[in-house]
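Engineer: Dropping a structure here in structure tokens format, bear with me for questions.
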Amino acid sequence: MNKLMRYLFSLRDIQRINLSLARASATAPLRQIDPTNPATWEFSGFSQHGEDGIIDYLTGRLKRPEGYFVEIGTGNGLENNSSWLAVAKYYSGLMIDGNQDNVDWCRYLLQPMNYGLDFNQAFVSRESIPRIIGMMVIKMPDLFSLDIDGNDYYICSELMRQGIRPKIWAVEYNSAYGPEKAITIKYQPDFRRANDGNGKLYYGCSIAGWVKLMGGYGYSFIGVDSCGVNAFFVNPDEFEQGFIKQIKATNFKENVSQMREFRKTWEGQFALIQNMEFENVL
């Protein structure tokens, strides 16, 4: 990319950052927050849905915040779960993406706004977890966001097996698997989600699978966002006593984008991929 084009693209994306901040500033104060209902915490700045509000509220309730996050699957930094913390709350953190162009653009846009950010390219697999851990400045970040449309369950499981304990987990779940099946895709180190066709529905882990995994490590389920994309889990020891217990979790929501694209509820979506290879989460 020549210097002129780089400059023009940067103007466009800085405008997008300004719009994201303005959108959050306009909508966040309108919330009528109920501490027991995560749906009332939601707002969207950089996040695709209401995740920014949930993350903002939960990090604000931490007893001992570190001011540090890790996100795997940041894209170009304009539409993810950590840019709100990086830009609006001046968190330091680690942003990882599999696409080198995304990483370079993230660094170009965001590092001048926050020199506490690190940016790394990595196609994350179970085998590369030691390298990922080596990139982390803090092993107990306030937030760990994971969204790679594939081996998410295996990556999270291996991170925790090797001692990583975020205060808050934000993980993508696949609503096409329904609310009760505890399943995930079969592990493939080089898995890539299909770009079109029914194969687009074959990725990630079910909500019941996430609840089983996280519960085994002592995490409490906060619920899912209202658009059926992300699930949130917390270490209850990092919050004031009683706060987590009073939360009324929304246990499952349909992914609105998948419903719109496939014109089917989760039962119909799963029927399209039921012959694919799955693993039970035990």
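Ligands are numbered from 1 in the order shown, residues from 1 within each chain, and chains are lettered A, B, ... in the order they appear in the structure tokens.
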Which residues, written as number ranges by chain, have at least one atom at most 8 Å from stretch 198-214 of chain A, with only C-alpha atoms counted and residues fewer than 4 positions away on the same chain left out?

Structural biologist: A: 149-153, 157, 172-185, 193-194, 218-221, 231, 233, 251-252, 269-270, 272-273, 276, 280-282

Engineer: Could you give me, as a Markdown table, a per-residue list for stretch 152-249 of chain A showing, wherever an atom lies at most 7 Å from an atom of stretch 20-38 of chain A, the closest pair of atoms and their distance in Å to one decimal, using only C-alpha atoms and sorting by chain then residue number from low to high?

Structural biologist:
| residue | atom | partner | partner_atom | distance |
| --- | --- | --- | --- | --- |
| A:Gln246 | CA | A:Thr36 | CA | 5.7 |
| A:Ile247 | CA | A:Thr36 | CA | 4.1 |
| A:Lys248 | CA | A:Thr36 | CA | 5.6 |

Engineer: Could you go through stretch 5-223 of chain A and tell me which residues DSSP, when run on the backbone, assigns to strand (DSSP E or B), listing them as a PDB file with all heavy atoms, in the first residue's frame?

Structural biologist:
ATOM      1  N   LEU A  62     -14.715  -5.251  39.258  1.00  0.00           N
ATOM      2  CA  LEU A  62     -13.605  -6.058  39.762  1.00  0.00           C
ATOM      3  C   LEU A  62     -13.030  -5.472  41.052  1.00  0.00           C
ATOM      4  O   LEU A  62     -12.870  -4.261  41.183  1.00  0.00           O
ATOM      5  CB  LEU A  62     -12.491  -6.144  38.715  1.00  0.00           C
ATOM      6  CG  LEU A  62     -12.776  -7.006  37.483  1.00  0.00           C
ATOM      7  CD1 LEU A  62     -11.693  -6.780  36.437  1.00  0.00           C
ATOM      8  CD2 LEU A  62     -12.849  -8.492  37.861  1.00  0.00           C
ATOM      9  N   TYR A  68      -5.513  -4.838  32.234  1.00  0.00           N
ATOM     10  CA  TYR A  68      -4.847  -5.574  31.167  1.00  0.00           C
ATOM     11  C   TYR A  68      -5.810  -6.599  30.584  1.00  0.00           C
ATOM     12  O   TYR A  68      -6.566  -7.248  31.310  1.00  0.00           O
ATOM     13  CB  TYR A  68      -3.615  -6.296  31.725  1.00  0.00           C
ATOM     14  CG  TYR A  68      -2.781  -7.037  30.706  1.00  0.00           C
ATOM     15  CD1 TYR A  68      -1.875  -6.360  29.907  1.00  0.00           C
ATOM     16  CD2 TYR A  68      -2.895  -8.424  30.545  1.00  0.00           C
ATOM     17  CE1 TYR A  68      -1.092  -7.034  28.962  1.00  0.00           C
ATOM     18  CE2 TYR A  68      -2.119  -9.099  29.614  1.00  0.00           C
ATOM     19  CZ  TYR A  68      -1.219  -8.399  28.826  1.00  0.00           C
ATOM     20  OH  TYR A  68      -0.469  -9.073  27.900  1.00  0.00           O
ATOM     21  N   PHE A  69      -5.781  -6.744  29.245  1.00  0.00           N
ATOM     22  CA  PHE A  69      -6.638  -7.705  28.553  1.00  0.00           C
ATOM     23  C   PHE A  69      -5.817  -8.507  27.557  1.00  0.00           C
ATOM     24  O   PHE A  69      -4.704  -8.127  27.175  1.00  0.00           O
ATOM     25  CB  PHE A  69      -7.781  -7.002  27.809  1.00  0.00           C
ATOM     26  CG  PHE A  69      -7.318  -6.170  26.634  1.00  0.00           C
ATOM     27  CD1 PHE A  69      -7.085  -6.753  25.385  1.00  0.00           C
ATOM     28  CD2 PHE A  69      -7.093  -4.808  26.761  1.00  0.00           C
ATOM     29  CE1 PHE A  69      -6.633  -6.007  24.307  1.00  0.00           C
ATOM     30  CE2 PHE A  69      -6.646  -4.049  25.688  1.00  0.00           C
ATOM     31  CZ  PHE A  69      -6.418  -4.647  24.457  1.00  0.00           C
ATOM     32  N   VAL A  70      -6.393  -9.618  27.116  1.00  0.00           N
ATOM     33  CA  VAL A  70      -5.876 -10.388  25.985  1.00  0.00           C
ATOM     34  C   VAL A  70      -7.057 -10.686  25.078  1.00  0.00           C
ATOM     35  O   VAL A  70      -8.128 -11.087  25.564  1.00  0.00           O
ATOM     36  CB  VAL A  70      -5.225 -11.713  26.433  1.00  0.00           C
ATOM     37  CG1 VAL A  70      -4.755 -12.520  25.213  1.00  0.00           C
ATOM     38  CG2 VAL A  70      -4.062 -11.459  27.388  1.00  0.00           C
ATOM     39  N   GLU A  71      -6.884 -10.484  23.786  1.00  0.00           N
ATOM     40  CA  GLU A  71      -7.919 -10.894  22.832  1.00  0.00           C
ATOM     41  C   GLU A  71      -7.273 -11.658  21.682  1.00  0.00           C
ATOM     42  O   GLU A  71      -6.301 -11.180  21.084  1.00  0.00           O
ATOM     43  CB  GLU A  71      -8.715  -9.717  22.269  1.00  0.00           C
ATOM     44  CG  GLU A  71      -9.790 -10.186  21.293  1.00  0.00           C
ATOM     45  CD  GLU A  71     -10.862  -9.163  20.973  1.00  0.00           C
ATOM     46  OE1 GLU A  71     -10.648  -7.960  21.206  1.00  0.00           O
ATOM     47  OE2 GLU A  71     -11.921  -9.576  20.457  1.00  0.00           O
ATOM     48  N   ILE A  72      -7.819 -12.833  21.400  1.00  0.00           N
ATOM     49  CA  ILE A  72      -7.427 -13.611  20.235  1.00  0.00           C
ATOM     50  C   ILE A  72      -8.564 -13.525  19.224  1.00  0.00           C
ATOM     51  O   ILE A  72      -9.690 -13.944  19.517  1.00  0.00           O
ATOM     52  CB  ILE A  72      -7.144 -15.079  20.598  1.00  0.00           C
ATOM     53  CG1 ILE A  72      -5.997 -15.171  21.600  1.00  0.00           C
ATOM     54  CG2 ILE A  72      -6.816 -15.891  19.351  1.00  0.00           C
ATOM     55  CD1 ILE A  72      -5.689 -16.589  22.079  1.00  0.00           C
ATOM     56  N   SER A  92      -3.978  -1.530  29.004  1.00  0.00           N
ATOM     57  CA  SER A  92      -2.939  -2.153  28.203  1.00  0.00           C
ATOM     58  C   SER A  92      -3.413  -3.559  27.843  1.00  0.00           C
ATOM     59  O   SER A  92      -4.364  -4.073  28.439  1.00  0.00           O
ATOM     60  CB  SER A  92      -1.604  -2.199  28.954  1.00  0.00           C
ATOM     61  OG  SER A  92      -1.730  -2.924  30.155  1.00  0.00           O
ATOM     62  N   GLY A  93      -2.766  -4.161  26.855  1.00  0.00           N
ATOM     63  CA  GLY A  93      -3.237  -5.481  26.478  1.00  0.00           C
ATOM     64  C   GLY A  93      -2.527  -6.055  25.277  1.00  0.00           C
ATOM     65  O   GLY A  93      -1.666  -5.413  24.660  1.00  0.00           O
ATOM     66  N   LEU A  94      -2.922  -7.285  24.973  1.00  0.00           N
ATOM     67  CA  LEU A  94      -2.340  -8.050  23.868  1.00  0.00           C
ATOM     68  C   LEU A  94      -3.430  -8.358  22.855  1.00  0.00           C
ATOM     69  O   LEU A  94      -4.446  -8.962  23.206  1.00  0.00           O
ATOM     70  CB  LEU A  94      -1.737  -9.348  24.410  1.00  0.00           C
ATOM     71  CG  LEU A  94      -1.261 -10.387  23.396  1.00  0.00           C
ATOM     72  CD1 LEU A  94      -0.106  -9.838  22.554  1.00  0.00           C
ATOM     73  CD2 LEU A  94      -0.845 -11.676  24.116  1.00  0.00           C
ATOM     74  N   MET A  95      -3.224  -7.945  21.615  1.00  0.00           N
ATOM     75  CA  MET A  95      -4.153  -8.205  20.520  1.00  0.00           C
ATOM     76  C   MET A  95      -3.498  -9.175  19.545  1.00  0.00           C
ATOM     77  O   MET A  95      -2.398  -8.914  19.047  1.00  0.00           O
ATOM     78  CB  MET A  95      -4.535  -6.913  19.804  1.00  0.00           C
ATOM     79  CG  MET A  95      -5.373  -5.961  20.639  1.00  0.00           C
ATOM     80  SD  MET A  95      -5.817  -4.471  19.677  1.00  0.00           S
ATOM     81  CE  MET A  95      -7.192  -3.851  20.659  1.00  0.00           C
ATOM     82  N   ILE A  96      -4.185 -10.288  19.284  1.00  0.00           N
ATOM     83  CA  ILE A  96      -3.648 -11.335  18.414  1.00  0.00           C
ATOM     84  C   ILE A  96      -4.648 -11.608  17.305  1.00  0.00           C
ATOM     85  O   ILE A  96      -5.852 -11.707  17.544  1.00  0.00           O
ATOM     86  CB  ILE A  96      -3.400 -12.636  19.209  1.00  0.00           C
ATOM     87  CG1 ILE A  96      -2.353 -12.403  20.302  1.00  0.00           C
ATOM     88  CG2 ILE A  96      -2.951 -13.767  18.281  1.00  0.00           C
ATOM     89  CD1 ILE A  96      -2.193 -13.579  21.246  1.00  0.00           C
ATOM     90  N   ASP A  97      -4.149 -11.749  16.089  1.00  0.00           N
ATOM     91  CA  ASP A  97      -4.994 -12.143  14.965  1.00  0.00           C
ATOM     92  C   ASP A  97      -4.161 -13.005  14.026  1.00  0.00           C
ATOM     93  O   ASP A  97      -2.925 -12.879  13.969  1.00  0.00           O
ATOM     94  CB  ASP A  97      -5.540 -10.917  14.226  1.00  0.00           C
ATOM     95  CG  ASP A  97      -6.713 -11.268  13.331  1.00  0.00           C
ATOM     96  OD1 ASP A  97      -7.840 -11.411  13.851  1.00  0.00           O
ATOM     97  OD2 ASP A  97      -6.512 -11.429  12.103  1.00  0.00           O
ATOM     98  N   LEU A 117      -0.196  -1.209  24.348  1.00  0.00           N
ATOM     99  CA  LEU A 117      -0.738  -2.324  23.572  1.00  0.00           C
ATOM    100  C   LEU A 117       0.367  -3.076  22.843  1.00  0.00           C
ATOM    101  O   LEU A 117       1.316  -2.474  22.321  1.00  0.00           O
ATOM    102  CB  LEU A 117      -1.742  -1.808  22.542  1.00  0.00           C
ATOM    103  CG  LEU A 117      -2.948  -1.045  23.086  1.00  0.00           C
ATOM    104  CD1 LEU A 117      -3.797  -0.507  21.936  1.00  0.00           C
ATOM    105  CD2 LEU A 117      -3.788  -1.928  24.005  1.00  0.00           C
ATOM    106  N   ASP A 118       0.219  -4.410  22.807  1.00  0.00           N
ATOM    107  CA  ASP A 118       1.085  -5.270  21.999  1.00  0.00           C
ATOM    108  C   ASP A 118       0.237  -5.920  20.917  1.00  0.00           C
ATOM    109  O   ASP A 118      -0.936  -6.244  21.135  1.00  0.00           O
ATOM    110  CB  ASP A 118       1.716  -6.380  22.846  1.00  0.00           C
ATOM    111  CG  ASP A 118       2.739  -5.849  23.828  1.00  0.00           C
ATOM    112  OD1 ASP A 118       3.485  -4.923  23.461  1.00  0.00           O
ATOM    113  OD2 ASP A 118       2.800  -6.363  24.961  1.00  0.00           O
ATOM    114  N   PHE A 119       0.846  -6.144  19.750  1.00  0.00           N
ATOM    115  CA  PHE A 119       0.134  -6.714  18.610  1.00  0.00           C
ATOM    116  C   PHE A 119       0.971  -7.851  18.045  1.00  0.00           C
ATOM    117  O   PHE A 119       2.163  -7.676  17.771  1.00  0.00           O
ATOM    118  CB  PHE A 119      -0.090  -5.653  17.523  1.00  0.00           C
ATOM    119  CG  PHE A 119      -0.738  -4.395  18.031  1.00  0.00           C
ATOM    120  CD1 PHE A 119       0.029  -3.363  18.556  1.00  0.00           C
ATOM    121  CD2 PHE A 119      -2.117  -4.247  17.991  1.00  0.00           C
ATOM    122  CE1 PHE A 119      -0.566  -2.199  19.024  1.00  0.00           C
ATOM    123  CE2 PHE A 119      -2.717  -3.096  18.455  1.00  0.00           C
ATOM    124  CZ  PHE A 119      -1.944  -2.069  18.980  1.00  0.00           C
ATOM    125  N   ASN A 120       0.340  -9.014  17.858  1.00  0.00           N
ATOM    126  CA  ASN A 120       1.077 -10.163  17.345  1.00  0.00           C
ATOM    127  C   ASN A 120       0.231 -10.960  16.375  1.00  0.00           C
ATOM    128  O   ASN A 120      -0.982 -11.116  16.563  1.00  0.00           O
ATOM    129  CB  ASN A 120       1.522 -11.075  18.484  1.00  0.00           C
ATOM    130  CG  ASN A 120       2.766 -10.578  19.179  1.00  0.00           C
ATOM    131  OD1 ASN A 120       3.864 -10.690  18.636  1.00  0.00           O
ATOM    132  ND2 ASN A 120       2.603 -10.021  20.354  1.00  0.00           N
ATOM    133  N   GLN A 121       0.885 -11.468  15.340  1.00  0.00           N
ATOM    134  CA  GLN A 121       0.231 -12.358  14.396  1.00  0.00           C
ATOM    135  C   GLN A 121       0.462 -13.784  14.842  1.00  0.00           C
ATOM    136  O   GLN A 121       1.580 -14.184  15.176  1.00  0.00           O
ATOM    137  CB  GLN A 121       0.803 -12.161  12.979  1.00  0.00           C
ATOM    138  CG  GLN A 121       0.074 -12.945  11.888  1.00  0.00           C
ATOM    139  CD  GLN A 121       0.545 -14.394  11.763  1.00  0.00           C
ATOM    140  OE1 GLN A 121       1.692 -14.703  12.065  1.00  0.00           O
ATOM    141  NE2 GLN A 121      -0.343 -15.275  11.321  1.00  0.00           N
ATOM    142  N   LEU A 143      -9.642  -9.364  31.379  1.00  0.00           N
ATOM    143  CA  LEU A 143     -10.485  -9.941  30.328  1.00  0.00           C
ATOM    144  C   LEU A 143      -9.642 -10.782  29.394  1.00  0.00           C
ATOM    145  O   LEU A 143      -8.558 -10.357  28.978  1.00  0.00           O
ATOM    146  CB  LEU A 143     -11.170  -8.836  29.516  1.00  0.00           C
ATOM    147  CG  LEU A 143     -11.918  -9.305  28.253  1.00  0.00           C
ATOM    148  CD1 LEU A 143     -13.217 -10.022  28.629  1.00  0.00           C
ATOM    149  CD2 LEU A 143     -12.193  -8.142  27.309  1.00  0.00           C
ATOM    150  N   PHE A 144     -10.163 -11.951  29.035  1.00  0.00           N
ATOM    151  CA  PHE A 144      -9.622 -12.739  27.926  1.00  0.00           C
ATOM    152  C   PHE A 144     -10.782 -12.981  26.974  1.00  0.00           C
ATOM    153  O   PHE A 144     -11.758 -13.629  27.330  1.00  0.00           O
ATOM    154  CB  PHE A 144      -9.052 -14.070  28.411  1.00  0.00           C
ATOM    155  CG  PHE A 144      -8.056 -14.690  27.466  1.00  0.00           C
ATOM    156  CD1 PHE A 144      -6.765 -14.981  27.881  1.00  0.00           C
ATOM    157  CD2 PHE A 144      -8.405 -14.987  26.146  1.00  0.00           C
ATOM    158  CE1 PHE A 144      -5.838 -15.547  27.018  1.00  0.00           C
ATOM    159  CE2 PHE A 144      -7.486 -15.548  25.272  1.00  0.00           C
ATOM    160  CZ  PHE A 144      -6.202 -15.828  25.712  1.00  0.00           C
ATOM    161  N   SER A 145     -10.681 -12.437  25.775  1.00  0.00           N
ATOM    162  CA  SER A 145     -11.718 -12.606  24.754  1.00  0.00           C
ATOM    163  C   SER A 145     -11.198 -13.535  23.674  1.00  0.00           C
ATOM    164  O   SER A 145     -10.085 -13.365  23.178  1.00  0.00           O
ATOM    165  CB  SER A 145     -12.096 -11.252  24.136  1.00  0.00           C
ATOM    166  OG  SER A 145     -13.070 -11.419  23.120  1.00  0.00           O
ATOM    167  N   LEU A 146     -12.015 -14.526  23.322  1.00  0.00           N
ATOM    168  CA  LEU A 146     -11.607 -15.554  22.364  1.00  0.00           C
ATOM    169  C   LEU A 146     -12.681 -15.706  21.297  1.00  0.00           C
ATOM    170  O   LEU A 146     -13.817 -16.065  21.608  1.00  0.00           O
ATOM    171  CB  LEU A 146     -11.388 -16.879  23.092  1.00  0.00           C
ATOM    172  CG  LEU A 146     -10.980 -18.094  22.268  1.00  0.00           C
ATOM    173  CD1 LEU A 146      -9.651 -17.852  21.565  1.00  0.00           C
ATOM    174  CD2 LEU A 146     -10.886 -19.328  23.157  1.00  0.00           C
ATOM    175  N   ILE A 168     -12.264 -12.513  33.771  1.00  0.00           N
ATOM    176  CA  ILE A 168     -13.472 -12.560  32.939  1.00  0.00           C
ATOM    177  C   ILE A 168     -13.121 -13.245  31.623  1.00  0.00           C
ATOM    178  O   ILE A 168     -12.122 -12.891  30.988  1.00  0.00           O
ATOM    179  CB  ILE A 168     -13.999 -11.141  32.627  1.00  0.00           C
ATOM    180  CG1 ILE A 168     -14.282 -10.361  33.918  1.00  0.00           C
ATOM    181  CG2 ILE A 168     -15.250 -11.198  31.742  1.00  0.00           C
ATOM    182  CD1 ILE A 168     -14.376  -8.857  33.691  1.00  0.00           C
ATOM    183  N   TRP A 169     -13.935 -14.195  31.221  1.00  0.00           N
ATOM    184  CA  TRP A 169     -13.831 -14.803  29.890  1.00  0.00           C
ATOM    185  C   TRP A 169     -14.997 -14.316  29.023  1.00  0.00           C
ATOM    186  O   TRP A 169     -16.162 -14.352  29.463  1.00  0.00           O
ATOM    187  CB  TRP A 169     -13.941 -16.322  29.971  1.00  0.00           C
ATOM    188  CG  TRP A 169     -12.699 -17.092  30.243  1.00  0.00           C
ATOM    189  CD1 TRP A 169     -12.365 -17.719  31.404  1.00  0.00           C
ATOM    190  CD2 TRP A 169     -11.634 -17.376  29.322  1.00  0.00           C
ATOM    191  NE1 TRP A 169     -11.153 -18.369  31.273  1.00  0.00           N
ATOM    192  CE2 TRP A 169     -10.686 -18.174  30.009  1.00  0.00           C
ATOM    193  CE3 TRP A 169     -11.400 -17.031  27.986  1.00  0.00           C
ATOM    194  CZ2 TRP A 169      -9.520 -18.632  29.412  1.00  0.00           C
ATOM    195  CZ3 TRP A 169     -10.236 -17.482  27.378  1.00  0.00           C
ATOM    196  CH2 TRP A 169      -9.310 -18.268  28.081  1.00  0.00           C
ATOM    197  N   ALA A 170     -14.704 -13.900  27.801  1.00  0.00           N
ATOM    198  CA  ALA A 170     -15.723 -13.664  26.771  1.00  0.00           C
ATOM    199  C   ALA A 170     -15.418 -14.625  25.637  1.00  0.00           C
ATOM    200  O   ALA A 170     -14.343 -14.549  25.026  1.00  0.00           O
ATOM    201  CB  ALA A 170     -15.684 -12.225  26.269  1.00  0.00           C
ATOM    202  N   VAL A 171     -16.328 -15.566  25.377  1.00  0.00           N
ATOM    203  CA  VAL A 171     -16.091 -16.587  24.362  1.00  0.00           C
ATOM    204  C   VAL A 171     -17.286 -16.659  23.418  1.00  0.00           C
ATOM    205  O   VAL A 171     -18.440 -16.542  23.840  1.00  0.00           O
ATOM    206  CB  VAL A 171     -15.839 -17.973  25.004  1.00  0.00           C
ATOM    207  CG1 VAL A 171     -14.527 -17.976  25.772  1.00  0.00           C
ATOM    208  CG2 VAL A 171     -16.987 -18.394  25.911  1.00  0.00           C
ATOM    209  N   GLU A 172     -17.009 -16.873  22.138  1.00  0.00           N
ATOM    210  CA  GLU A 172     -18.086 -17.045  21.177  1.00  0.00           C
ATOM    211  C   GLU A 172     -18.636 -18.469  21.284  1.00  0.00           C
ATOM    212  O   GLU A 172     -17.882 -19.426  21.434  1.00  0.00           O
ATOM    213  CB  GLU A 172     -17.583 -16.802  19.757  1.00  0.00           C
ATOM    214  CG  GLU A 172     -18.694 -16.835  18.718  1.00  0.00           C
ATOM    215  CD  GLU A 172     -18.194 -16.558  17.309  1.00  0.00           C
ATOM    216  OE1 GLU A 172     -17.064 -16.992  16.988  1.00  0.00           O
ATOM    217  OE2 GLU A 172     -18.921 -15.908  16.554  1.00  0.00           O
ATOM    218  N   ILE A 183     -21.263 -29.995  22.930  1.00  0.00           N
ATOM    219  CA  ILE A 183     -20.435 -30.474  21.823  1.00  0.00           C
ATOM    220  C   ILE A 183     -19.558 -29.359  21.268  1.00  0.00           C
ATOM    221  O   ILE A 183     -19.817 -28.167  21.475  1.00  0.00           O
ATOM    222  CB  ILE A 183     -21.294 -31.049  20.672  1.00  0.00           C
ATOM    223  CG1 ILE A 183     -22.274 -29.986  20.132  1.00  0.00           C
ATOM    224  CG2 ILE A 183     -22.036 -32.299  21.128  1.00  0.00           C
ATOM    225  CD1 ILE A 183     -23.042 -30.430  18.896  1.00  0.00           C
ATOM    226  N   THR A 184     -18.537 -29.783  20.550  1.00  0.00           N
ATOM    227  CA  THR A 184     -17.673 -28.868  19.818  1.00  0.00           C
ATOM    228  C   THR A 184     -17.230 -29.567  18.535  1.00  0.00           C
ATOM    229  O   THR A 184     -17.461 -30.767  18.353  1.00  0.00           O
ATOM    230  CB  THR A 184     -16.447 -28.474  20.666  1.00  0.00           C
ATOM    231  OG1 THR A 184     -15.640 -27.516  19.952  1.00  0.00           O
ATOM    232  CG2 THR A 184     -15.580 -29.681  21.001  1.00  0.00           C
ATOM    233  N   ILE A 185     -16.609 -28.825  17.641  1.00  0.00           N
ATOM    234  CA  ILE A 185     -16.082 -29.434  16.425  1.00  0.00           C
ATOM    235  C   ILE A 185     -14.957 -30.399  16.776  1.00  0.00           C
ATOM    236  O   ILE A 185     -14.363 -30.320  17.850  1.00  0.00           O
ATOM    237  CB  ILE A 185     -15.561 -28.374  15.434  1.00  0.00           C
ATOM    238  CG1 ILE A 185     -14.383 -27.591  16.034  1.00  0.00           C
ATOM    239  CG2 ILE A 185     -16.671 -27.448  14.987  1.00  0.00           C
ATOM    240  CD1 ILE A 185     -13.646 -26.712  15.042  1.00  0.00           C
ATOM    241  N   CYS A 205     -18.013 -24.079  19.675  1.00  0.00           N
ATOM    242  CA  CYS A 205     -18.515 -24.883  20.782  1.00  0.00           C
ATOM    243  C   CYS A 205     -19.927 -24.445  21.148  1.00  0.00           C
ATOM    244  O   CYS A 205     -20.278 -23.266  21.003  1.00  0.00           O
ATOM    245  CB  CYS A 205     -17.581 -24.703  21.977  1.00  0.00           C
ATOM    246  SG  CYS A 205     -17.981 -25.693  23.439  1.00  0.00           S
ATOM    247  N   SER A 220     -18.104 -18.905  37.043  1.00  0.00           N
ATOM    248  CA  SER A 220     -19.555 -18.746  37.082  1.00  0.00           C
ATOM    249  C   SER A 220     -20.044 -18.209  35.746  1.00  0.00           C
ATOM    250  O   SER A 220     -19.414 -17.324  35.140  1.00  0.00           O
ATOM    251  CB  SER A 220     -19.961 -17.771  38.194  1.00  0.00           C
ATOM    252  OG  SER A 220     -19.612 -18.280  39.463  1.00  0.00           O
ATOM    253  N   PHE A 221     -21.168 -18.720  35.310  1.00  0.00           N
ATOM    254  CA  PHE A 221     -21.785 -18.317  34.045  1.00  0.00           C
ATOM    255  C   PHE A 221     -22.609 -17.050  34.264  1.00  0.00           C
ATOM    256  O   PHE A 221     -23.549 -17.037  35.057  1.00  0.00           O
ATOM    257  CB  PHE A 221     -22.672 -19.458  33.548  1.00  0.00           C
ATOM    258  CG  PHE A 221     -23.340 -19.234  32.223  1.00  0.00           C
ATOM    259  CD1 PHE A 221     -22.730 -18.510  31.210  1.00  0.00           C
ATOM    260  CD2 PHE A 221     -24.602 -19.769  31.982  1.00  0.00           C
ATOM    261  CE1 PHE A 221     -23.347 -18.308  29.983  1.00  0.00           C
ATOM    262  CE2 PHE A 221     -25.228 -19.600  30.757  1.00  0.00           C
ATOM    263  CZ  PHE A 221     -24.601 -18.862  29.766  1.00  0.00           C
ATOM    264  N   ILE A 222     -22.252 -15.987  33.553  1.00  0.00           N
ATOM    265  CA  ILE A 222     -22.974 -14.718  33.646  1.00  0.00           C
ATOM    266  C   ILE A 222     -24.139 -14.673  32.674  1.00  0.00           C
ATOM    267  O   ILE A 222     -25.162 -14.051  32.931  1.00  0.00           O
ATOM    268  CB  ILE A 222     -22.008 -13.540  33.378  1.00  0.00           C
ATOM    269  CG1 ILE A 222     -20.951 -13.472  34.465  1.00  0.00           C
ATOM    270  CG2 ILE A 222     -22.751 -12.214  33.284  1.00  0.00           C
ATOM    271  CD1 ILE A 222     -21.511 -13.270  35.858  1.00  0.00           C
ATOM    272  N   GLY A 223     -23.978 -15.337  31.524  1.00  0.00           N
ATOM    273  CA  GLY A 223     -25.030 -15.341  30.520  1.00  0.00           C
ATOM    274  C   GLY A 223     -24.487 -15.025  29.140  1.00  0.00           C
ATOM    275  O   GLY A 223     -23.269 -14.924  28.937  1.00  0.00           O
TER     276      GLY A 223
END

Engineer: Tell me which protein, DNA and RNA residues are within 12 Å of stretch 5-18 of chain A, counting only C-alpha atoms, leaving out same-chain ones fewer than 4 positions away, and put them as a list of chain:residue names.

Structural biologist: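 Listing them by chain and then by number gives A:Met1, A:Ala22, A:Arg23, A:Ala24, A:Ser25, A:Gly45, A:Phe46, A:Ser47, A:Asn76, A:Gly77, A:Leu78, A:Glu79, A:Asn80, A:Ser83, A:Trp84, A:Ala86, A:Val87, A:Ala88, A:Asp104, A:Trp105, A:Cys106, A:Arg107, A:Tyr108, A:Leu109, A:Leu110, A:Pro112, A:Met113.
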
Engineer: Report, in Å with one decimal, the straight-line distance from atom CA of A:Glu254 to atom CA of A:Gly268.

Structural biologist: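 Distance between the two atoms: 11.9 Å.
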
Engineer: Between atom CA of A:Val256 and atom CA of A:Gly98, what is the spacing in Å?

Structural biologist: 25.6 Å

Engineer: Can you pull out the residues contacting A:Ile164? Cut-off 7 Å, using only C-alpha atoms, and skip same-chain residues under 3 positions away; I want them as number ranges by chain.

Structural biologist: A: 139-140, 159-160

Engineer: Could you work out how far atom CA of A:Pro189 lies from atom CA of A:Val137, giving the answer in Å with one decimal?

Structural biologist: 25.4 Å

Engineer: Can you tell me which residues surround A:Glu277 at a distance of at most 8 Å, considering only C-alpha atoms, apart from same-chain residues fewer than 2 positions away, and format the answer as a list in words?

Structural biologist: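 Listed by chain and then number, they are Ile185, Lys186, Asn275 and Glu279 of chain A.
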
Engineer: Quick one: DSSP alpha helix (DSSP H) residues in stretch 31-224 of chain A, as a ChimeraX atom specification?

Structural biologist: /A:51-60,83,100-110,129-135,152-161,207-216
